[in-house]
Amino acid sequence: MAGAAFRRLKAAIFKPDAPGYGSTQELREEFSVFRTIEHGFPHRPSTVSYSPDLGVLGIGCQSGDIYLFGKCGVEVTAKHDPESSILQILFLGRQMRVLTVGFENDIHLWKFDNAGERLKMVEEAYHQVVYPATKRVSVACYPENSAMVAVGTEGGNVLLISLDKLSFTGKHDDVIFWNKATEPTQGTNKLHPGSVEALEACPGDPDKLLIGYEKGAICLWSLSTKCPVRNFPPIQYLCGASWHPDGRMFASAHEDGSIAMWSVDSNAEHGGSTKPYGVQSECRKIQQVMWRGEEQNGMLVFEGGLDRAEYGDRFCVSVQHGKDLVAFEFTSRIIGFTVVDDSDNQPDSLIVLCEEEVVAIDLKTPGMPSIPKPYLYSLHDSPLTCIQHVSNCPHDFWTALKEVHHLTSEKSTRPWPIDGGVLHRSDAPSDHRLLITGHEDGSVRFWDATDVSLSLIYKVNTNMFFMNIDAPPEEEEVSQPEAEKWPVFVKAGTFDPFCDDPRLAIMQIELCPLSRTLAVAGFGGQILVFDFSKESSINTLERMTVEMKLKDEDISRKVHEMLEFETGSLELAAGFQATVGIVTCPPCPILSLSLSSQFGLVGLGCRRGLAIVDYFQTRELAVECTILEEESRRTLSRLQSMRKSFRLTVRRIRNQSVHVMAGRRRRTYDTPMASSSAVVPAPPAQQRDKRETMDEIQQRRDQLGNGVRCVQFANTFGPGVGVVSPTAFGCTNSGRTFLYSLELPADVNRYKEPVNVRPLEREFALRHGAPILAFHVVDHSGRYIASSFEINMKRAKNSDNRVPHYAVFCTEEQVKCVTLPNMKHHSKFKLYEVDETQLQRVGFMQTDDGFMLVGIVTNEGEAIILSLPDLTVRLRTQAVRWDDFRGQRTFVFTRGFEAFHMRSPSQLQRLAVRSQQQLRAQCSFELKPQRVRHTPPPVCDDVSLATESSAAAEAGGGKPRTFTNAVSSAFGSLFHRNRTPTPEHAGASTGSKSADKTPSKSSVSPDQAETDFYMSEVSRAEKEGDFVSEILSGMESFHTATSETSPTSESEPEKPVPKPRASLSPQKSVTAQDRMVKEAHERGDRLKATDRHTQKMSDSAAGLAAMAGLLASKSKKP
C-alpha cells in the first residue's frame, strides 16, 4: 500500500501536464522527425548538366537521386522511382521541364511545382524503352524547340520519342536506323557501326542532328526529310562530339587520343586529326570534348589525351586556347564537365564534376584559378571522424570568426557562375548555428549551418604543432628548362583522402562560444586547448604529459609512438591559437572530453582511465587508472555472483527465442518519420535474428576494456554533500561512476592558487554493468544547469538548487535517472530487456524555458525522445534505416531540436525534431533573357544557287525571300557565265590550255581542280577591282535615293524585318563553287556591308535589279 501511494504521489508531482511540458497529446503532435535538407557532395555521381536558360546545374547519381542547384540557397531534389542510376539529365530549353534518362532504359519527364511550401520536381510522365532492336540506351539529345527527344541506343538505332506523355509508337518514321544513316559511307558493305556514342543537335538549326557511332562513322541527319544530309567517313573509334557555337563545324573525340575538326560547309573529309599533346606513343582516349568561343580563337576543353605510359594514372581535364594548353589535375575520377558561357557566348568558367568533388575554374582570369564554392563542399576531403554542433552562437563571436577566417588565397575573386533561380524567403532561424567537424588529417572545420546551404567559414590544422608526425617525403624537383616543362599540370580540387599518420585523427571536440575556448582531442592521446584572438602572435606552446600506467607496467609494446609537441616559438595566425598541449602516456585514443571554461578545467577519458587537468596553470589535478577494474579482476560476493548468473541466463534464453516471438514483437509506429512521402520500414524478422547475442555483446565489451566513455563537470550536489558545489563525474564501460569534489580558489587568485580535487568515497555502480555512453545533470525542475558565464551574459536563468537534482545515466541497455545527493533510483527506461535493442547515440535537447529532454537512437535506427526527469516517452519513430549503420553511429542531436547524421561518406542529412525547426528555402526557377546565337548557313546541294534563288522567287511571287539568296543567285550567274560548272569540263579546259603546268587526272581529283579554278577566279577578280565593294556602294546610293522619295508615316512605326530562317528542305553536301561564293560574300561583308543595309535592301526589288545590273556590267569587262 505504501509503495502504491508513493507511485501515485510521484506521478502527481512529475505529471506530463506540468508547466513546461504541455499535454501529452500536444507533445506528440509537436515532436516528429522531418527530413529537411542534405549538406555536402552528392554520393556516387554519374552525370552533370547545365542549363543556360535557367542558370541551373544538374547532378545525377547512381542511386537515382537528382540534384538541381542554382544560386546559394536555391536547390531542389528528386529521385527515380523505381530506383535506377542516372545516365543523363536534359533541360528542355525554355520549357521549364527536365528529362532524365536512367541506365535501366527508363525515361522520366519532370516539371517544376512552385505551388506548395517549397520548390518541387513533379514527375509528369514515365516511359520504359522496350523497343525490340534496343539493347540499352546510350545517349539522349533534345533538339531546341522540338516536340520530341532523340534517344540513341547500343544497337545503333536512334529512337524519336514524343514529349507528349513520352509516347513512342515504334513506327519506322520514329526510328533512325543505323543502316540508312550510314548507307552513303558504307555503300554495299553493310557493317554495323556500333553503338551511338554522340548525339548532338546543331546550334540554331534543330532540324540537323549529328549522330556519331562507336566505330567512327558520323552522320548529319535531317529530321524533316528523314534522310542523311551528309556523312563523314570513320577515321578512328569515336568517343564523343561537340558542335562549334556557330554550327558550321564540329569536333570529334576519338579513342586513340586525337581530336578531328569537321566542316559541314566543305567537301574535305576532315579538317585534320591531331593529338593535342603531340605524342606518337599510345595515348588515353578522349572521353569528352567541348568547343567554345570564336572559330578563329576558339577554346577546346577535353578529358584525356595524355600519354598512357607516362601519365596514365592522372585524372586531367585540358583546356586549349590557341597555343596555350593547360592540364588541370584532380585526385578523383572525372565524371564529366560543362562550360558556362557569358552573355556574349564566350567561355566564362569550367565546371568539372569528379567522383568526390566539384570544381569551378575561372577561364577569364590569367592563370585560370579555381572559384570558391558557396555549397557542394566535399565534407569528406579528409574522412569525417567527429561532429559537434553549437546552437545559439553569440553574434560577436560569429562575426569575429568570419573576419579572421583564412581560406585558400589562390582562388578567383569572381562570383560563383551558377546563379539561376530566385530565393524568395528562407525559414532560417534568427540565431547563429555552428557545425564543427573533425577529420582524419587532424583538421577542424567550422561550418555555417544557419541557412539551407552549408558553407565553410574557418579551418584549424593541428598537425603544425607536432614534430614527429609521419609526413610523406618531399619530392626533389629536377631543374629543367622552361621549354621542357610541358605539358603544364595544375593541381585542382581539395579532395585528399589519404593521411600518413593515423594519430592525427580528431576524436572529440568541445567548444565554449562564450569564452571562445576550443579543446580538441585526437587518436594519439593528444589534447590541444585553443584561445581565440583577432591578432596574429608568436607564442610558445605549454606542454604536459599525463601518466596513465601502472607501477610495474611494461609499455614498450605500445601501439603508437607518443606525439611530441613543437618546442620553439610558433607563428600563429589570427583565430584559434593553441596555448596548452596535453598527451597521455602511454598513448591511447581519447574516448571522451569535457571542457569547463568556467572552472578552467579539462576532463579526458580513454581506455586506460580518466584525468582532470587545470589548463590555466598547466597542472595535473587527478588521474584514475581503471584497467584494474576489468571484469576478470573484480571480486564478487556470492549473492552478487548468483544475481549476475541468473540475469545472464534469462537474457540468453530470451535471445534464443527471438525467432519465435519476432512476429509478436514487431512494432507499428504511430508517428512515422515525416519525409517526402516515404516511411522507413521496421526491420524484418529474419534480419532481427542477426543481431548480437548476449555472449557476443559481452565479448565485445571485454575487448573494449574498462575505459572511460563519459566525463562531465556540473555545479550540483555531490553524493552525501548537501551543498551545491563543482563536481566531476567519470563513467566507465563497466557501469561504474567516479565522483570528484572540486574546490576552486577565488577568481582573483585563480591563476596563482591550485585547485583542490577530492575523490568522493561513495561511488555509483549500475547493476546490469552496461557501458555508460552519456551522462547529464538537471536541476530540481528538470531544467538545464547553467554556468556563471551564461547567467552573467543573460543567456540563461538561475538554476533551481532545491534538493534533489537528477543525474541521467544513458547506457547501451537503458536510461536511468537517480537523485542527488542521496543517489536513489528515480525512473528507468529499459530497451534491451523489452525489445532487445541497444542504444547507439545519445543527445540532450533544451526548450526555450530551459527544460531538458534526452534523445536516443537505437541500433535499429529508431529515435526515442524522453522527458526529464520522469523519462516519459514523447516520441518514438523510425529516424534512420535499420540497415544504415553509418547513420546510426554518426547521429547527433542538437540543443535546438535538430539532428544530423551521415547519409553517405560525403553527405550530411539534416533533420528537424520539431515542426517549428524545419529549415526549407522558398525559391523558384525563372528563365533568363534569351541569348543571341549565330545562325548557321544552310547546307546546300550540288545544284547552283541561282536555280534555287529563281525557284524561291517564283514561289514567293517573283521576289526572293532574303538578301542572301539574291546575292547567291547573282554570284552563281556570274560564275556560270564564265565557266561550265562540271568537274570534267574544268579538268578538260585546264588540261587543254596548259599541259605542262596542270597535273594529270590521276594525281589531282576533279574536286581539287574545281577548287583551284574558283580560287584563281576570285584572285583575278580582286586584282581587277573589288567588284563586291562596288555592288555595296551602288546598293547604298540606291537606298539613299529611294529613302528620300518614299514618304513614311510618323504615327505608324516601321515594321521590323523578320530574320531569315534555316531551310528545312532536303539538302545535300556543299560543292566547292558554293563554298567559294560564300567566301567571296563574306569578304565583301567585312569591307562595307552592315546589317541595316542588308535588311532594307532585301525588301527592295529595285535594289536587286540595280545589283544585278552592276554584276552584268562587271562581267562584260575584259
# chains A, B, ... in the order shown; residues from 1 in each chain; ligands from 1
$ select_by_dssp --residues "region 150-258 of chain A" --states "alpha helix (DSSP H)" --output "list in words"
Trp178, Asn179, Lys180, Ala181, Glu183, Pro184, Thr185 and Gln186 of chain A
$ residues_around --residues "region 455-470 of chain A" --least-positions-apart "5" --cutoff "8 Å" --atoms "only C-alpha atoms" --output "list in words"
Pro374, Tyr375, Tyr377, Leu401, Lys402, Val404, His405, His406, Leu407, Asp441, Gly442, Ser443, Val444, Arg445, Phe446, Trp447, Asp448, Ala449, Asp500, Asp501, Leu504, Leu563, Glu564, Phe565, Glu566 and Phe576 of chain A
$ residues_around --residues "region 811-816 of chain A" --least-positions-apart "6" --cutoff "7 Å" --atoms "only C-alpha atoms" --output "list of chain:residue names"
A:Ala770, A:Pro771, A:Ile772, A:Leu773, A:Ser827, A:Lys828, A:Phe829, A:Lys830, A:Leu831, A:Tyr832, A:Gln838, A:Leu839
$ write_last_selection --atoms "all heavy atoms" --output "CSV table (one decimal), in the first residue's frame"
chain,number,residue,atom,x,y,z
A,770,ALA,N,26.3,-2.3,-17.9
A,770,ALA,CA,26.5,-2.0,-19.3
A,770,ALA,C,27.3,-0.7,-19.4
A,770,ALA,O,27.3,0.1,-18.5
A,770,ALA,CB,25.1,-1.8,-19.9
A,771,PRO,N,28.0,-0.5,-20.5
A,771,PRO,CA,28.8,0.7,-20.7
A,771,PRO,C,27.9,2.0,-20.7
A,771,PRO,O,26.8,2.0,-21.3
A,771,PRO,CB,29.4,0.5,-22.1
A,771,PRO,CG,29.4,-0.9,-22.3
A,771,PRO,CD,28.2,-1.4,-21.6
A,772,ILE,N,28.4,3.0,-20.0
A,772,ILE,CA,27.6,4.3,-19.9
A,772,ILE,C,28.1,5.2,-21.1
A,772,ILE,O,29.3,5.5,-21.2
A,772,ILE,CB,27.9,5.0,-18.6
A,772,ILE,CG1,27.4,4.1,-17.4
A,772,ILE,CG2,27.2,6.3,-18.5
A,772,ILE,CD1,27.7,4.6,-16.0
A,773,LEU,N,27.2,5.5,-22.0
A,773,LEU,CA,27.5,6.3,-23.2
A,773,LEU,C,27.4,7.8,-22.9
A,773,LEU,O,28.2,8.5,-23.5
A,773,LEU,CB,26.6,5.9,-24.3
A,773,LEU,CG,26.5,4.4,-24.7
A,773,LEU,CD1,25.5,4.2,-25.8
A,773,LEU,CD2,27.9,3.9,-25.0
A,827,SER,N,13.7,6.9,-11.9
A,827,SER,CA,13.0,6.4,-13.0
A,827,SER,C,13.9,5.7,-13.9
A,827,SER,O,15.1,5.8,-13.8
A,827,SER,CB,12.3,7.6,-13.8
A,827,SER,OG,13.2,8.5,-14.2
A,828,LYS,N,13.3,4.8,-14.8
A,828,LYS,CA,14.1,4.0,-15.7
A,828,LYS,C,13.3,3.7,-17.0
A,828,LYS,O,12.1,3.6,-16.9
A,828,LYS,CB,14.4,2.7,-15.0
A,828,LYS,CG,15.3,1.7,-15.8
A,828,LYS,CD,15.5,0.4,-15.2
A,828,LYS,CE,16.1,0.5,-13.8
A,828,LYS,NZ,16.4,-0.9,-13.2
A,829,PHE,N,14.1,3.7,-18.1
A,829,PHE,CA,13.5,3.3,-19.4
A,829,PHE,C,14.4,2.2,-19.9
A,829,PHE,O,15.5,2.4,-20.3
A,829,PHE,CB,13.5,4.5,-20.3
A,829,PHE,CG,13.0,4.2,-21.7
A,829,PHE,CD1,11.6,4.1,-21.9
A,829,PHE,CD2,13.8,4.1,-22.7
A,829,PHE,CE1,11.1,3.8,-23.2
A,829,PHE,CE2,13.4,3.8,-24.0
A,829,PHE,CZ,12.0,3.6,-24.2
A,830,LYS,N,13.8,1.0,-20.0
A,830,LYS,CA,14.6,-0.1,-20.5
A,830,LYS,C,14.4,-0.3,-22.0
A,830,LYS,O,13.3,-0.1,-22.5
A,830,LYS,CB,14.1,-1.4,-19.7
A,830,LYS,CG,14.4,-1.4,-18.2
A,830,LYS,CD,14.0,-2.7,-17.6
A,830,LYS,CE,14.3,-2.7,-16.1
A,830,LYS,NZ,13.8,-3.9,-15.5
A,831,LEU,N,15.4,-0.8,-22.6
A,831,LEU,CA,15.4,-1.1,-24.0
A,831,LEU,C,15.7,-2.6,-24.3
A,831,LEU,O,14.9,-3.3,-24.9
A,831,LEU,CB,16.4,-0.2,-24.8
A,831,LEU,CG,16.0,1.2,-25.1
A,831,LEU,CD1,17.1,1.9,-25.8
A,831,LEU,CD2,14.8,1.2,-26.1
A,832,TYR,N,16.8,-3.0,-23.9
A,832,TYR,CA,17.2,-4.4,-24.3
A,832,TYR,C,16.3,-5.4,-23.6
A,832,TYR,O,16.0,-6.4,-24.3
A,832,TYR,CB,18.7,-4.6,-23.8
A,832,TYR,CG,19.3,-5.9,-24.3
A,832,TYR,CD1,19.8,-6.0,-25.6
A,832,TYR,CD2,19.2,-7.1,-23.6
A,832,TYR,CE1,20.3,-7.1,-26.1
A,832,TYR,CE2,19.7,-8.3,-24.1
A,832,TYR,CZ,20.3,-8.3,-25.3
A,832,TYR,OH,20.8,-9.5,-25.8
A,838,GLN,N,19.6,-1.8,-28.6
A,838,GLN,CA,20.7,-1.2,-27.8
A,838,GLN,C,20.8,0.3,-28.3
A,838,GLN,O,20.5,0.6,-29.4
A,838,GLN,CB,22.0,-1.9,-28.0
A,838,GLN,CG,22.0,-3.3,-27.6
A,838,GLN,CD,23.4,-4.0,-27.9
A,838,GLN,OE1,24.4,-3.3,-27.9
A,838,GLN,NE2,23.4,-5.2,-28.3
A,839,LEU,N,21.3,1.1,-27.3
A,839,LEU,CA,21.5,2.5,-27.6
A,839,LEU,C,22.8,2.6,-28.5
A,839,LEU,O,23.8,2.0,-28.2
A,839,LEU,CB,21.6,3.3,-26.3
A,839,LEU,CG,20.3,3.9,-25.7
A,839,LEU,CD1,19.5,2.8,-25.2
A,839,LEU,CD2,20.7,4.9,-24.7
$ atom_distance --atom1 "CA of Cys588 (chain A)" --atom2 "CA of Phe891 (chain A)"
24.3 Å
$ residues_around --residues "Leu744 (chain A)" --least-positions-apart "2" --cutoff "9 Å" --atoms "only C-alpha atoms" --output "VMD selection string"
chain A and resid 599 726 742 746 to 747 750 753 to 757
$ closest_residue --among "A:Gln909, A:Thr413, A:Asn392, A:Ser263" --to "Lys364 (chain A)" --atoms "only C-alpha atoms"
A:Thr413
$ atom_distance --atom1 "CA of Ala241 (chain A)" --atom2 "CA of Glu200 (chain A)"
7.5 Å
$ closest_residue --among "A:Leu528, A:Val76, A:Met507, A:Met562" --to "Pro589 (chain A)" --atoms "only C-alpha atoms"
A:Met507
$ residues_around --residues "region 911-925 of chain A" --least-positions-apart "4" --cutoff "7 Å" --atoms "only C-alpha atoms" --output "JSON, numbers by chain"
{"A": [30, 31, 32, 33, 34, 35, 36, 54, 73, 74, 114, 117, 118, 119, 420, 421, 422, 423, 424, 425, 426, 427, 428, 452, 897, 898, 899, 900]}
$ residues_around --residues "Phe789 (chain A)" --least-positions-apart "4" --cutoff "9 Å" --atoms "only C-alpha atoms" --output "PyMOL selection string"
chain A and resi 514-515+597-598+793-795
$ write_last_selection --atoms "N, CA, C and O atoms" --output "tab-separated table (two decimals), in the first residue's frame"
chain	number	residue	atom	x	y	z
A	514	LEU	N	31.13	31.24	-25.43
A	514	LEU	CA	31.11	32.44	-24.59
A	514	LEU	C	32.52	32.87	-24.22
A	514	LEU	O	32.86	34.05	-24.27
A	515	SER	N	33.37	31.92	-23.84
A	515	SER	CA	34.76	32.24	-23.52
A	515	SER	C	35.68	32.10	-24.71
A	515	SER	O	36.88	32.39	-24.60
A	597	SER	N	35.12	26.01	-19.19
A	597	SER	CA	35.84	27.28	-19.16
A	597	SER	C	35.51	28.08	-17.91
A	597	SER	O	36.26	28.97	-17.52
A	598	GLN	N	34.38	27.77	-17.27
A	598	GLN	CA	34.05	28.42	-16.00
A	598	GLN	C	35.02	28.01	-14.90
A	598	GLN	O	35.48	28.84	-14.14
A	793	MET	N	25.86	36.72	-18.81
A	793	MET	CA	25.55	37.27	-20.13
A	793	MET	C	24.06	37.21	-20.45
A	793	MET	O	23.67	37.48	-21.58
A	794	LYS	N	23.27	36.82	-19.46
A	794	LYS	CA	21.81	36.77	-19.60
A	794	LYS	C	21.37	35.85	-20.73
A	794	LYS	O	20.40	36.11	-21.43
A	795	ARG	N	22.09	34.78	-20.88
A	795	ARG	CA	21.71	33.77	-21.86
A	795	ARG	C	21.02	32.57	-21.21
A	795	ARG	O	20.62	31.65	-21.91
$ closest_residue --among "A:Leu871, A:Ala360, A:Leu541, A:Leu87" --to "Arg414 (chain A)" --atoms "only C-alpha atoms"
A:Ala360
$ atom_distance --atom1 "CA of Val229 (chain A)" --atom2 "CA of Gln346 (chain A)"
29.1 Å
$ select_by_dssp --residues "region 419-629 of chain A" --states "strand (DSSP E)" --output "PyMOL selection string"
chain A and resi 422-426+432-439+443-448+455-461+488-491+506-512+517-522+526-533+537-540+542-547+569-572+575-585+590-596+601-606+609-614+619-625
$ decode --residues "region 540-553 of chain A" --atoms "all heavy atoms" --output "tab-separated table (two decimals), in the first residue's frame"
chain	number	residue	atom	x	y	z
A	540	THR	N	54.70	30.32	-27.43
A	540	THR	CA	55.28	29.01	-27.15
A	540	THR	C	54.21	28.13	-26.53
A	540	THR	O	53.49	28.56	-25.62
A	540	THR	CB	56.47	29.13	-26.19
A	540	THR	OG1	57.45	30.01	-26.76
A	540	THR	CG2	57.10	27.77	-25.96
A	541	LEU	N	54.10	26.93	-27.00
A	541	LEU	CA	53.06	26.01	-26.54
A	541	LEU	C	53.44	25.42	-25.19
A	541	LEU	O	54.54	24.87	-25.01
A	541	LEU	CB	52.87	24.89	-27.57
A	541	LEU	CG	51.71	23.93	-27.35
A	541	LEU	CD1	50.38	24.66	-27.48
A	541	LEU	CD2	51.78	22.78	-28.34
A	542	GLU	N	52.52	25.54	-24.22
A	542	GLU	CA	52.72	24.92	-22.91
A	542	GLU	C	52.41	23.43	-23.03
A	542	GLU	O	51.33	23.04	-23.48
A	542	GLU	CB	51.80	25.55	-21.87
A	542	GLU	CG	52.07	27.03	-21.62
A	542	GLU	CD	53.38	27.25	-20.90
A	542	GLU	OE1	53.86	26.30	-20.25
A	542	GLU	OE2	53.93	28.37	-20.99
A	543	ARG	N	53.36	22.56	-22.60
A	543	ARG	CA	53.24	21.13	-22.80
A	543	ARG	C	53.20	20.40	-21.46
A	543	ARG	O	53.84	20.83	-20.49
A	543	ARG	CB	54.42	20.60	-23.62
A	543	ARG	CG	54.59	21.31	-24.95
A	543	ARG	CD	55.86	20.88	-25.65
A	543	ARG	NE	57.06	21.13	-24.84
A	543	ARG	CZ	57.68	22.29	-24.79
A	543	ARG	NH1	57.25	23.31	-25.50
A	543	ARG	NH2	58.77	22.45	-24.04
A	544	MET	N	52.46	19.29	-21.43
A	544	MET	CA	52.43	18.45	-20.24
A	544	MET	C	52.05	17.04	-20.65
A	544	MET	O	51.40	16.82	-21.68
A	544	MET	CB	51.46	18.98	-19.19
A	544	MET	CG	50.01	18.97	-19.62
A	544	MET	SD	48.90	19.45	-18.27
A	544	MET	CE	49.27	18.20	-17.06
A	545	THR	N	52.46	16.06	-19.82
A	545	THR	CA	52.21	14.64	-20.06
A	545	THR	C	51.44	14.07	-18.88
A	545	THR	O	51.80	14.32	-17.72
A	545	THR	CB	53.53	13.88	-20.25
A	545	THR	OG1	54.26	14.46	-21.34
A	545	THR	CG2	53.25	12.42	-20.57
A	546	VAL	N	50.40	13.31	-19.19
A	546	VAL	CA	49.58	12.67	-18.17
A	546	VAL	C	49.93	11.19	-18.14
A	546	VAL	O	49.73	10.47	-19.15
A	546	VAL	CB	48.08	12.88	-18.45
A	546	VAL	CG1	47.24	12.14	-17.43
A	546	VAL	CG2	47.74	14.37	-18.46
A	547	GLU	N	50.49	10.72	-17.03
A	547	GLU	CA	50.89	9.32	-16.89
A	547	GLU	C	49.67	8.48	-16.51
A	547	GLU	O	49.02	8.74	-15.50
A	547	GLU	CB	51.97	9.18	-15.83
A	547	GLU	CG	53.24	9.93	-16.14
A	547	GLU	CD	54.06	9.26	-17.23
A	547	GLU	OE1	53.77	8.07	-17.51
A	547	GLU	OE2	54.96	9.91	-17.78
A	548	MET	N	49.38	7.46	-17.33
A	548	MET	CA	48.26	6.55	-17.07
A	548	MET	C	48.74	5.10	-17.12
A	548	MET	O	48.12	4.26	-17.77
A	548	MET	CB	47.14	6.77	-18.09
A	548	MET	CG	46.32	8.02	-17.87
A	548	MET	SD	44.86	8.06	-18.90
A	548	MET	CE	44.09	9.55	-18.31
A	549	LYS	N	49.79	4.80	-16.44
A	549	LYS	CA	50.32	3.44	-16.42
A	549	LYS	C	50.45	2.97	-14.98
A	549	LYS	O	50.54	3.76	-14.04
A	549	LYS	CB	51.67	3.38	-17.12
A	549	LYS	CG	52.75	4.23	-16.47
A	549	LYS	CD	54.06	4.11	-17.23
A	549	LYS	CE	55.15	4.96	-16.57
A	549	LYS	NZ	56.44	4.81	-17.27
A	550	LEU	N	50.47	1.66	-14.84
A	550	LEU	CA	50.63	1.08	-13.51
A	550	LEU	C	52.08	1.16	-13.06
A	550	LEU	O	52.98	1.52	-13.83
A	550	LEU	CB	50.15	-0.37	-13.54
A	550	LEU	CG	48.69	-0.58	-13.96
A	550	LEU	CD1	48.36	-2.06	-13.98
A	550	LEU	CD2	47.75	0.17	-13.04
A	551	LYS	N	52.29	0.81	-11.82
A	551	LYS	CA	53.63	0.98	-11.25
A	551	LYS	C	54.66	0.13	-11.97
A	551	LYS	O	55.73	0.61	-12.34
A	551	LYS	CB	53.61	0.63	-9.76
A	551	LYS	CG	54.97	0.81	-9.07
A	551	LYS	CD	54.90	0.47	-7.61
A	551	LYS	CE	54.02	1.49	-6.87
A	551	LYS	NZ	54.04	1.22	-5.41
A	552	ASP	N	54.40	-1.14	-12.18
A	552	ASP	CA	55.36	-2.04	-12.81
A	552	ASP	C	54.93	-2.45	-14.22
A	552	ASP	O	55.30	-3.52	-14.70
A	552	ASP	CB	55.53	-3.29	-11.94
A	552	ASP	CG	56.07	-2.97	-10.57
A	552	ASP	OD1	56.82	-1.98	-10.46
A	552	ASP	OD2	55.72	-3.69	-9.61
A	553	GLU	N	54.16	-1.63	-14.86
A	553	GLU	CA	53.65	-1.99	-16.20
A	553	GLU	C	54.69	-1.72	-17.26
A	553	GLU	O	55.39	-0.69	-17.23
A	553	GLU	CB	52.38	-1.19	-16.50
A	553	GLU	CG	51.73	-1.57	-17.83
A	553	GLU	CD	50.50	-0.74	-18.13
A	553	GLU	OE1	50.20	0.17	-17.31
A	553	GLU	OE2	49.86	-1.00	-19.16
